[in-house]
file upload_9.cif (mmCIF, C-alpha atoms and all ligand atoms)
data_query
loop_
_atom_site.group_PDB
_atom_site.id
_atom_site.type_symbol
_atom_site.label_atom_id
_atom_site.label_comp_id
_atom_site.auth_asym_id
_atom_site.auth_seq_id
_atom_site.Cartn_x
_atom_site.Cartn_y
_atom_site.Cartn_z
ATOM 1 C CA MET A 1 105.277 125.660 128.272
ATOM 2 C CA ARG A 2 104.555 124.496 131.796
ATOM 3 C CA LYS A 3 102.969 121.091 131.467
ATOM 4 C CA VAL A 4 103.635 117.936 129.504
ATOM 5 C CA TYR A 5 100.432 116.078 128.609
ATOM 6 C CA LEU A 6 100.484 112.450 127.524
ATOM 7 C CA VAL A 7 97.520 111.526 125.350
ATOM 8 C CA GLY A 8 96.488 108.309 123.615
ATOM 9 C CA PHE A 9 94.115 105.368 123.742
ATOM 10 C CA MET A 10 93.569 103.295 126.887
ATOM 11 C CA GLY A 11 96.506 100.966 127.434
ATOM 12 C CA CYS A 12 98.981 102.859 125.238
ATOM 13 C CA GLY A 13 101.289 103.300 128.246
ATOM 14 C CA LYS A 14 100.531 106.875 129.380
ATOM 15 C CA SER A 15 100.784 106.111 133.104
ATOM 16 C CA ALA A 16 103.767 103.756 132.908
ATOM 17 C CA ILE A 17 105.679 106.217 130.735
ATOM 18 C CA GLY A 18 104.540 109.267 132.711
ATOM 19 C CA ARG A 19 105.825 107.807 135.991
ATOM 20 C CA ARG A 20 109.189 106.899 134.503
ATOM 21 C CA LEU A 21 109.519 110.233 132.714
ATOM 22 C CA SER A 22 108.852 111.997 135.978
ATOM 23 C CA TYR A 23 111.763 110.153 137.568
ATOM 24 C CA TYR A 24 113.986 110.678 134.555
ATOM 25 C CA LEU A 25 113.289 114.410 134.150
ATOM 26 C CA LYS A 26 112.776 115.113 137.870
ATOM 27 C CA MET A 27 109.378 116.639 137.239
ATOM 28 C CA PRO A 28 106.257 115.971 139.327
ATOM 29 C CA TYR A 29 103.774 113.546 137.785
ATOM 30 C CA TYR A 30 99.978 113.420 137.981
ATOM 31 C CA ASP A 31 97.604 110.814 136.636
ATOM 32 C CA MET A 32 94.375 112.609 135.741
ATOM 33 C CA ASP A 33 92.161 109.581 136.413
ATOM 34 C CA GLN A 34 93.731 109.096 139.827
ATOM 35 C CA GLU A 35 93.330 112.773 140.649
ATOM 36 C CA ILE A 36 89.633 112.595 139.734
ATOM 37 C CA VAL A 37 89.173 109.397 141.763
ATOM 38 C CA ARG A 38 90.880 111.007 144.764
ATOM 39 C CA ARG A 39 88.742 114.155 144.572
ATOM 40 C CA GLU A 40 85.448 112.384 143.976
ATOM 41 C CA LYS A 41 86.209 109.579 146.452
ATOM 42 C CA MET A 42 84.783 107.115 143.906
ATOM 43 C CA THR A 43 86.310 104.746 141.369
ATOM 44 C CA ILE A 44 85.918 105.483 137.649
ATOM 45 C CA PRO A 45 83.373 102.641 137.192
ATOM 46 C CA GLU A 46 81.412 104.060 140.148
ATOM 47 C CA ILE A 47 81.398 107.563 138.639
ATOM 48 C CA PHE A 48 80.206 106.170 135.285
ATOM 49 C CA GLU A 49 77.543 104.077 136.944
ATOM 50 C CA LYS A 50 76.249 106.668 139.374
ATOM 51 C CA TYR A 51 76.477 109.878 137.341
ATOM 52 C CA GLY A 52 77.029 108.743 133.747
ATOM 53 C CA GLU A 53 79.803 109.281 131.236
ATOM 54 C CA GLU A 54 78.833 112.909 130.503
ATOM 55 C CA HIS A 55 79.499 113.828 134.118
ATOM 56 C CA PHE A 56 82.874 112.117 134.021
ATOM 57 C CA ARG A 57 83.744 114.081 130.862
ATOM 58 C CA GLN A 58 82.857 117.292 132.687
ATOM 59 C CA LEU A 59 85.160 116.314 135.568
ATOM 60 C CA GLU A 60 87.965 115.848 133.043
ATOM 61 C CA THR A 61 87.442 119.328 131.593
ATOM 62 C CA ASP A 62 87.194 120.834 135.107
ATOM 63 C CA PHE A 63 90.484 119.179 135.990
ATOM 64 C CA LEU A 64 92.216 120.625 132.916
ATOM 65 C CA ARG A 65 90.777 124.080 133.526
ATOM 66 C CA ASN A 66 91.597 124.289 137.185
ATOM 67 C CA PHE A 67 94.736 122.277 137.738
ATOM 68 C CA ARG A 68 97.424 124.400 139.320
ATOM 69 C CA ASP A 69 99.980 126.169 137.234
ATOM 70 C CA GLU A 70 102.963 123.929 137.809
ATOM 71 C CA PHE A 71 105.745 122.519 135.675
ATOM 72 C CA CYS A 72 104.702 118.840 135.600
ATOM 73 C CA ILE A 73 103.817 115.724 133.610
ATOM 74 C CA ILE A 74 100.158 114.725 133.329
ATOM 75 C CA SER A 75 98.851 111.466 131.898
ATOM 76 C CA THR A 76 95.332 112.051 130.583
ATOM 77 C CA GLY A 77 92.439 109.590 130.236
ATOM 78 C CA GLY A 78 91.946 108.056 126.792
ATOM 79 C CA GLY A 79 88.820 110.137 126.078
ATOM 80 C CA VAL A 80 90.226 113.554 127.001
ATOM 81 C CA ALA A 81 91.497 114.556 123.563
ATOM 82 C CA MET A 82 88.046 114.005 121.984
ATOM 83 C CA ASN A 83 86.765 117.318 123.287
ATOM 84 C CA PRO A 84 87.918 120.411 121.320
ATOM 85 C CA GLN A 85 87.915 122.511 124.471
ATOM 86 C CA ASN A 86 90.227 120.023 126.197
ATOM 87 C CA ARG A 87 92.539 119.994 123.207
ATOM 88 C CA ARG A 88 92.665 123.787 123.279
ATOM 89 C CA ILE A 89 93.441 123.951 127.011
ATOM 90 C CA MET A 90 96.201 121.356 126.727
ATOM 91 C CA ARG A 91 97.839 123.077 123.779
ATOM 92 C CA GLN A 92 97.609 126.466 125.452
ATOM 93 C CA THR A 93 99.128 125.319 128.723
ATOM 94 C CA GLY A 94 101.682 122.794 127.607
ATOM 95 C CA LEU A 95 103.251 120.358 125.286
ATOM 96 C CA VAL A 96 101.048 117.499 124.086
ATOM 97 C CA LEU A 97 102.592 114.107 123.300
ATOM 98 C CA PHE A 98 100.640 111.303 121.636
ATOM 99 C CA LEU A 99 101.725 107.774 122.527
ATOM 100 C CA ASP A 100 100.839 105.869 119.402
ATOM 101 C CA ALA A 101 100.581 102.131 120.133
ATOM 102 C CA THR A 102 99.088 99.448 117.875
ATOM 103 C CA PHE A 103 95.619 98.116 118.598
ATOM 104 C CA SER A 104 96.955 94.596 119.071
ATOM 105 C CA ASP A 105 99.357 95.754 121.829
ATOM 106 C CA ILE A 106 96.577 97.801 123.402
ATOM 107 C CA TRP A 107 94.091 94.929 123.313
ATOM 108 C CA LYS A 108 96.536 92.626 125.100
ATOM 109 C CA ARG A 109 96.888 95.156 127.893
ATOM 110 C CA ILE A 110 93.264 96.194 128.383
ATOM 111 C CA HIS A 111 90.934 93.354 127.532
ATOM 112 C CA LYS A 112 90.686 91.967 131.064
ATOM 113 C CA ASP A 113 90.538 95.325 132.823
ATOM 114 C CA LYS A 114 87.543 95.708 135.138
ATOM 115 C CA ASN A 115 88.417 99.297 135.991
ATOM 116 C CA ARG A 116 87.722 100.655 132.488
ATOM 117 C CA PRO A 117 83.973 100.988 131.870
ATOM 118 C CA ILE A 118 84.432 101.519 128.117
ATOM 119 C CA VAL A 119 86.240 98.170 127.884
ATOM 120 C CA GLN A 120 83.615 96.478 130.021
ATOM 121 C CA ARG A 121 80.736 97.570 127.815
ATOM 122 C CA SER A 122 82.401 97.029 124.402
ATOM 123 C CA THR A 123 83.299 94.114 122.143
ATOM 124 C CA LYS A 124 86.793 93.808 120.690
ATOM 125 C CA GLN A 125 85.497 95.083 117.333
ATOM 126 C CA GLU A 126 83.840 98.094 118.945
ATOM 127 C CA LEU A 127 87.079 98.956 120.734
ATOM 128 C CA GLU A 128 89.039 98.649 117.533
ATOM 129 C CA ASP A 129 86.567 100.959 115.755
ATOM 130 C CA LEU A 130 86.837 103.433 118.623
ATOM 131 C CA PHE A 131 90.631 103.231 118.455
ATOM 132 C CA TYR A 132 90.647 104.265 114.764
ATOM 133 C CA LYS A 133 87.974 106.901 115.304
ATOM 134 C CA ARG A 134 89.926 108.501 118.127
ATOM 135 C CA ARG A 135 93.323 108.433 116.459
ATOM 136 C CA LYS A 136 92.652 111.512 114.382
ATOM 137 C CA PHE A 137 91.766 113.491 117.511
ATOM 138 C CA TYR A 138 94.981 112.463 119.261
ATOM 139 C CA ARG A 139 96.835 113.605 116.164
ATOM 140 C CA GLU A 140 94.936 116.870 116.163
ATOM 141 C CA ALA A 141 95.790 117.474 119.813
ATOM 142 C CA THR A 142 99.432 116.554 119.698
ATOM 143 C CA HIS A 143 102.629 118.482 119.105
ATOM 144 C CA ILE A 144 104.530 115.279 118.634
ATOM 145 C CA THR A 145 103.671 111.622 118.031
ATOM 146 C CA ILE A 146 105.696 108.908 119.718
ATOM 147 C CA ARG A 147 105.367 105.459 118.191
ATOM 148 C CA THR A 148 105.738 102.773 120.795
ATOM 149 C CA GLU A 149 105.655 99.568 118.714
ATOM 150 C CA ASN A 150 108.729 97.338 119.201
ATOM 151 C CA ARG A 151 110.309 99.776 121.625
ATOM 152 C CA SER A 152 111.055 99.046 125.281
ATOM 153 C CA LEU A 153 109.713 101.317 128.001
ATOM 154 C CA LYS A 154 113.264 102.555 128.556
ATOM 155 C CA GLN A 155 113.675 103.482 124.883
ATOM 156 C CA ILE A 156 110.309 105.262 124.819
ATOM 157 C CA VAL A 157 111.124 107.221 127.972
ATOM 158 C CA GLU A 158 114.541 108.279 126.698
ATOM 159 C CA TYR A 159 113.166 109.308 123.326
ATOM 160 C CA THR A 160 110.251 111.198 124.915
ATOM 161 C CA ALA A 161 112.592 112.995 127.318
ATOM 162 C CA PHE A 162 114.810 113.960 124.393
ATOM 163 C CA GLN A 163 111.819 115.441 122.541
ATOM 164 C CA ILE A 164 110.643 117.357 125.610
ATOM 165 C CA LYS A 165 114.074 118.895 126.117
ATOM 166 C CA ARG A 166 114.351 119.722 122.438
ATOM 167 C CA LEU A 167 110.962 121.433 122.327
ATOM 168 C CA LYS A 168 111.688 123.330 125.541
ATOM 169 C CA GLY A 169 114.773 124.611 123.778
ATOM 170 C CA GLU A 170 117.301 123.113 126.190
HETATM 171 C C1 LIG B 1 88.635 106.315 129.163
HETATM 172 C C2 LIG B 1 89.931 106.015 129.511
HETATM 173 C C3 LIG B 1 90.352 105.794 130.899
HETATM 174 C C4 LIG B 1 89.438 106.546 131.867
HETATM 175 C C5 LIG B 1 88.006 106.190 131.607
HETATM 176 C C6 LIG B 1 87.564 106.528 130.181
HETATM 177 C C7 LIG B 1 88.296 106.483 127.732
HETATM 178 O O1 LIG B 1 91.709 106.241 131.069
HETATM 179 O O2 LIG B 1 89.619 107.933 131.764
HETATM 180 O O3 LIG B 1 87.846 104.827 131.870
HETATM 181 O O4 LIG B 1 87.235 107.043 127.401
HETATM 182 O O5 LIG B 1 89.122 106.072 126.878
HETATM 183 P P1 LIG B 1 92.992 105.445 130.498
HETATM 184 O O6 LIG B 1 93.218 105.928 129.107
HETATM 185 O O7 LIG B 1 94.080 105.830 131.410
HETATM 186 O O8 LIG B 1 92.660 104.002 130.551
#
call {"tool": "encode", "arguments": {"input": "upload_9.cif", "output": "structure tokens", "more": "lines below"}}
Ligand code: S3P
result
Amino acid sequence: MRKVYLVGFMGCGKSAIGRRLSYYLKMPYYDMDQEIVRREKMTIPEIFEKYGEEHFRQLETDFLRNFRDEFCIISTGGGVAMNPQNRRIMRQTGLVLFLDATFSDIWKRIHKDKNRPIVQRSTKQELEDLFYKRRKFYREATHITIRTENRSLKQIVEYTAFQIKRLKGE
């Protein structure tokens, strides 16, 4: 197991937890969205607008296929685990952790975000439906589910680090 993948819906805390975990476990950290933005020299809304969502999904799969073989933490975009091929790559190359937050916590964090095209084009009800639709795919992808409700970032990071060490057999 070389990589630790964080999966879950937009706003579940993948980036915030990934960054802190990286510090805590002294492992390099990569944010998939940021890596794609850096490579494409375009923001996510620009990629969606100019080339469409399908193209963005292909960039996500390309990233997973080609990212260097390194022991690291990767926070994925909220749509990554929907694709069976992506789920297979993640499970073959690492440990997959699902950050399971409630929709009400997620909504508070994402509803004003201009940098998330899916949020921009959806109503609250549509996002909630998408949240429940996607949950089963996160569960299918994951080795372990981490519930975040009523836990501080520090508690989540410590618990996640404990699980990573346990599953690595340390
Ligand atoms: C998406 C989630 C975003 C980003 C893109 C699409 C999705 O990542 O990849 O806007 O389909 O859920 P975050 O989960 O980091 O917000």
call {"tool": "residues_near_ligand", "arguments": {"input": "upload_9.cif", "ligand": "ligand LIG 1 (chain B)", "cutoff": "7 Å", "atoms": "all atoms listed in the file", "output": "list in words"}}
result
Gly8, Phe9, Met10, Gly11, Lys14, Ser15, Asp33, Ile44, Thr76, Gly77, Gly78, Gly79, Asn115, Arg116, Pro117 and Ile118 of chain A
call {"tool": "resolve_selection", "arguments": {"input": "upload_9.cif", "expression": "the PyMOL selection byres (((chain A and resi 102) around 9) and not hetatm)", "output": "list in words"}}
result
Cys12, Asp100, Ala101, Phe103, Ser104, Asp105, Ile106, Trp107, Arg147, Thr148 and Glu149 of chain A
call {"tool": "resolve_selection", "arguments": {"input": "upload_9.cif", "expression": "the PyMOL selection byres (((chain A and resi 56-72) around 9) and not hetatm)", "output": "PyMOL selection string"}}
result
chain A and resi 1-5+22+27-30+32-33+35-36+44+47-48+51-55+73-74+76-77+79-80+83+85-86+89-90+93
call {"tool": "resolve_selection", "arguments": {"input": "upload_9.cif", "expression": "the PyMOL selection byres (((chain A and resi 145) around 7) and not hetatm)", "output": "list in words"}}
result
Leu97, Phe98, Leu99, Asp100, Thr142, Ile144, Ile146 and Arg147 of chain A
call {"tool": "write_last_selection", "arguments": {"input": "upload_9.cif", "atoms": "C-alpha atoms", "output": "PDB file, in the frame of the given file"}}
result
ATOM      1  CA  LEU A  97     102.592 114.107 123.300  1.00  0.00           C
ATOM      2  CA  PHE A  98     100.640 111.303 121.636  1.00  0.00           C
ATOM      3  CA  LEU A  99     101.725 107.774 122.527  1.00  0.00           C
ATOM      4  CA  ASP A 100     100.839 105.869 119.402  1.00  0.00           C
ATOM      5  CA  THR A 142      99.432 116.554 119.698  1.00  0.00           C
ATOM      6  CA  ILE A 144     104.530 115.279 118.634  1.00  0.00           C
ATOM      7  CA  ILE A 146     105.696 108.908 119.718  1.00  0.00           C
ATOM      8  CA  ARG A 147     105.367 105.459 118.191  1.00  0.00           C
TER       9      ARG A 147
END
call {"tool": "atom_distance", "arguments": {"input": "upload_9.cif", "atom1": "CA of Arg39 in chain A", "atom2": "CA of Val96 in chain A"}}
result
24.1 Å
call {"tool": "atom_distance", "arguments": {"input": "upload_9.cif", "atom1": "CA of Lys136 in chain A", "atom2": "CA of Arg151 in chain A"}}
result
22.4 Å
call {"tool": "atom_distance", "arguments": {"input": "upload_9.cif", "atom1": "CA of Pro45 in chain A", "atom2": "CA of Leu21 in chain A"}}
result
27.6 Å
call {"tool": "residues_near_point", "arguments": {"input": "upload_9.cif", "point": "(114.0, 114.9, 131.5)", "cutoff": "10 Å", "atoms": "only C-alpha atoms", "output": "compact mmCIF listing (two decimals) with C-alpha atoms, in the frame of the given file"}}
result
# COMPACT_ATOMS: atom_id res chain seq x y z
CA ARG A 20 109.19 106.90 134.50
CA LEU A 21 109.52 110.23 132.71
CA SER A 22 108.85 112.00 135.98
CA TYR A 23 111.76 110.15 137.57
CA TYR A 24 113.99 110.68 134.56
CA LEU A 25 113.29 114.41 134.15
CA LYS A 26 112.78 115.11 137.87
CA MET A 27 109.38 116.64 137.24
CA VAL A 157 111.12 107.22 127.97
CA GLU A 158 114.54 108.28 126.70
CA TYR A 159 113.17 109.31 123.33
CA THR A 160 110.25 111.20 124.92
CA ALA A 161 112.59 113.00 127.32
CA PHE A 162 114.81 113.96 124.39
CA GLN A 163 111.82 115.44 122.54
CA ILE A 164 110.64 117.36 125.61
CA LYS A 165 114.07 118.90 126.12
call {"tool": "axis_aligned_box", "arguments": {"input": "upload_9.cif", "around": "range 164-169 of chain A", "padding_each_side": "6 Å", "output": "JSON"}}
result
{"center_x": 112.7, "center_y": 121.0, "center_z": 124.2, "size_x": 16.1, "size_y": 19.3, "size_z": 15.8}
call {"tool": "closest_residue", "arguments": {"input": "upload_9.cif", "among": "A:Asp31, A:Glu140, A:Asp113, A:Glu126", "to": "Gly18 in chain A", "atoms": "only C-alpha atoms"}}
result
A:Asp31
call {"tool": "decode", "arguments": {"input": "upload_9.cif", "residues": "range 89-165 of chain A", "atoms": "C-alpha atoms", "output": "short mmCIF file (atom, residue, chain, number, x, y, z; two decimals), in the first residue's frame"}}
result
data_model
loop_
_atom_site.label_atom_id
_atom_site.label_comp_id
_atom_site.auth_asym_id
_atom_site.auth_seq_id
_atom_site.Cartn_x
_atom_site.Cartn_y
_atom_site.Cartn_z
CA ILE A 89 -7.12 1.96 -9.49
CA MET A 90 -7.42 3.47 -6.02
CA ARG A 91 -7.95 0.12 -4.35
CA GLN A 92 -5.09 -1.45 -6.27
CA THR A 93 -2.61 1.28 -5.45
CA GLY A 94 -3.57 2.24 -1.94
CA LEU A 95 -5.81 2.51 1.00
CA VAL A 96 -9.15 4.26 0.44
CA LEU A 97 -10.77 6.22 3.27
CA PHE A 98 -14.30 7.60 3.05
CA LEU A 99 -14.97 10.77 5.04
CA ASP A 100 -18.63 10.42 5.85
CA ALA A 101 -20.13 13.81 6.78
CA THR A 102 -23.83 14.67 7.09
CA PHE A 103 -25.54 16.57 4.30
CA SER A 104 -26.40 19.44 6.63
CA ASP A 105 -22.71 19.96 7.54
CA ILE A 106 -21.76 19.67 3.88
CA TRP A 107 -24.42 22.14 2.75
CA LYS A 108 -23.19 24.75 5.24
CA ARG A 109 -19.69 24.46 3.83
CA ILE A 110 -20.43 24.40 0.10
CA HIS A 111 -23.56 26.35 -0.68
CA LYS A 112 -21.80 29.65 -1.41
CA ASP A 113 -18.85 28.14 -3.28
CA LYS A 114 -18.31 29.63 -6.73
CA ASN A 115 -15.45 27.27 -7.52
CA ARG A 116 -17.63 24.13 -7.62
CA PRO A 117 -19.60 23.94 -10.88
CA ILE A 118 -21.86 21.15 -9.59
CA VAL A 119 -22.94 23.39 -6.70
CA GLN A 120 -23.42 26.34 -9.02
CA ARG A 121 -25.77 24.47 -11.33
CA SER A 122 -27.80 22.58 -8.68
CA THR A 123 -30.54 23.35 -6.17
CA LYS A 124 -30.19 22.27 -2.55
CA GLN A 125 -32.57 19.36 -3.19
CA GLU A 126 -30.59 18.21 -6.22
CA LEU A 127 -27.39 18.26 -4.19
CA GLU A 128 -29.01 16.29 -1.42
CA ASP A 129 -30.23 13.69 -3.94
CA LEU A 130 -26.74 13.51 -5.43
CA PHE A 131 -25.27 13.11 -1.95
CA TYR A 132 -27.43 10.02 -1.25
CA LYS A 133 -26.88 8.63 -4.73
CA ARG A 134 -23.12 8.89 -4.40
CA ARG A 135 -22.85 7.51 -0.89
CA LYS A 136 -23.09 3.91 -2.01
CA PHE A 137 -20.18 4.42 -4.42
CA TYR A 138 -17.99 5.91 -1.70
CA ARG A 139 -18.83 2.89 0.41
CA GLU A 140 -18.01 0.58 -2.46
CA ALA A 141 -14.65 2.26 -2.97
CA THR A 142 -13.57 2.47 0.62
CA HIS A 143 -11.58 0.23 2.91
CA ILE A 144 -12.71 2.19 5.90
CA THR A 145 -15.41 4.77 6.65
CA ILE A 146 -14.66 7.67 8.95
CA ARG A 147 -17.69 9.45 10.36
CA THR A 148 -17.00 13.10 10.92
CA GLU A 149 -20.20 14.31 12.62
CA ASN A 150 -19.61 15.98 16.01
CA ARG A 151 -15.88 15.40 15.82
CA SER A 152 -13.24 18.13 15.70
CA LEU A 153 -10.69 18.21 12.90
CA LYS A 154 -8.05 17.17 15.43
CA GLN A 155 -10.08 14.13 16.51
CA ILE A 156 -10.73 13.11 12.90
CA VAL A 157 -7.05 13.44 12.00
CA GLU A 158 -5.90 11.42 15.00
CA TYR A 159 -8.46 8.70 14.38
CA THR A 160 -7.64 8.56 10.65
CA ALA A 161 -3.91 8.37 11.38
CA PHE A 162 -4.55 5.55 13.83
CA GLN A 163 -6.49 3.61 11.17
CA ILE A 164 -3.79 4.16 8.55
CA LYS A 165 -1.09 2.87 10.88
#
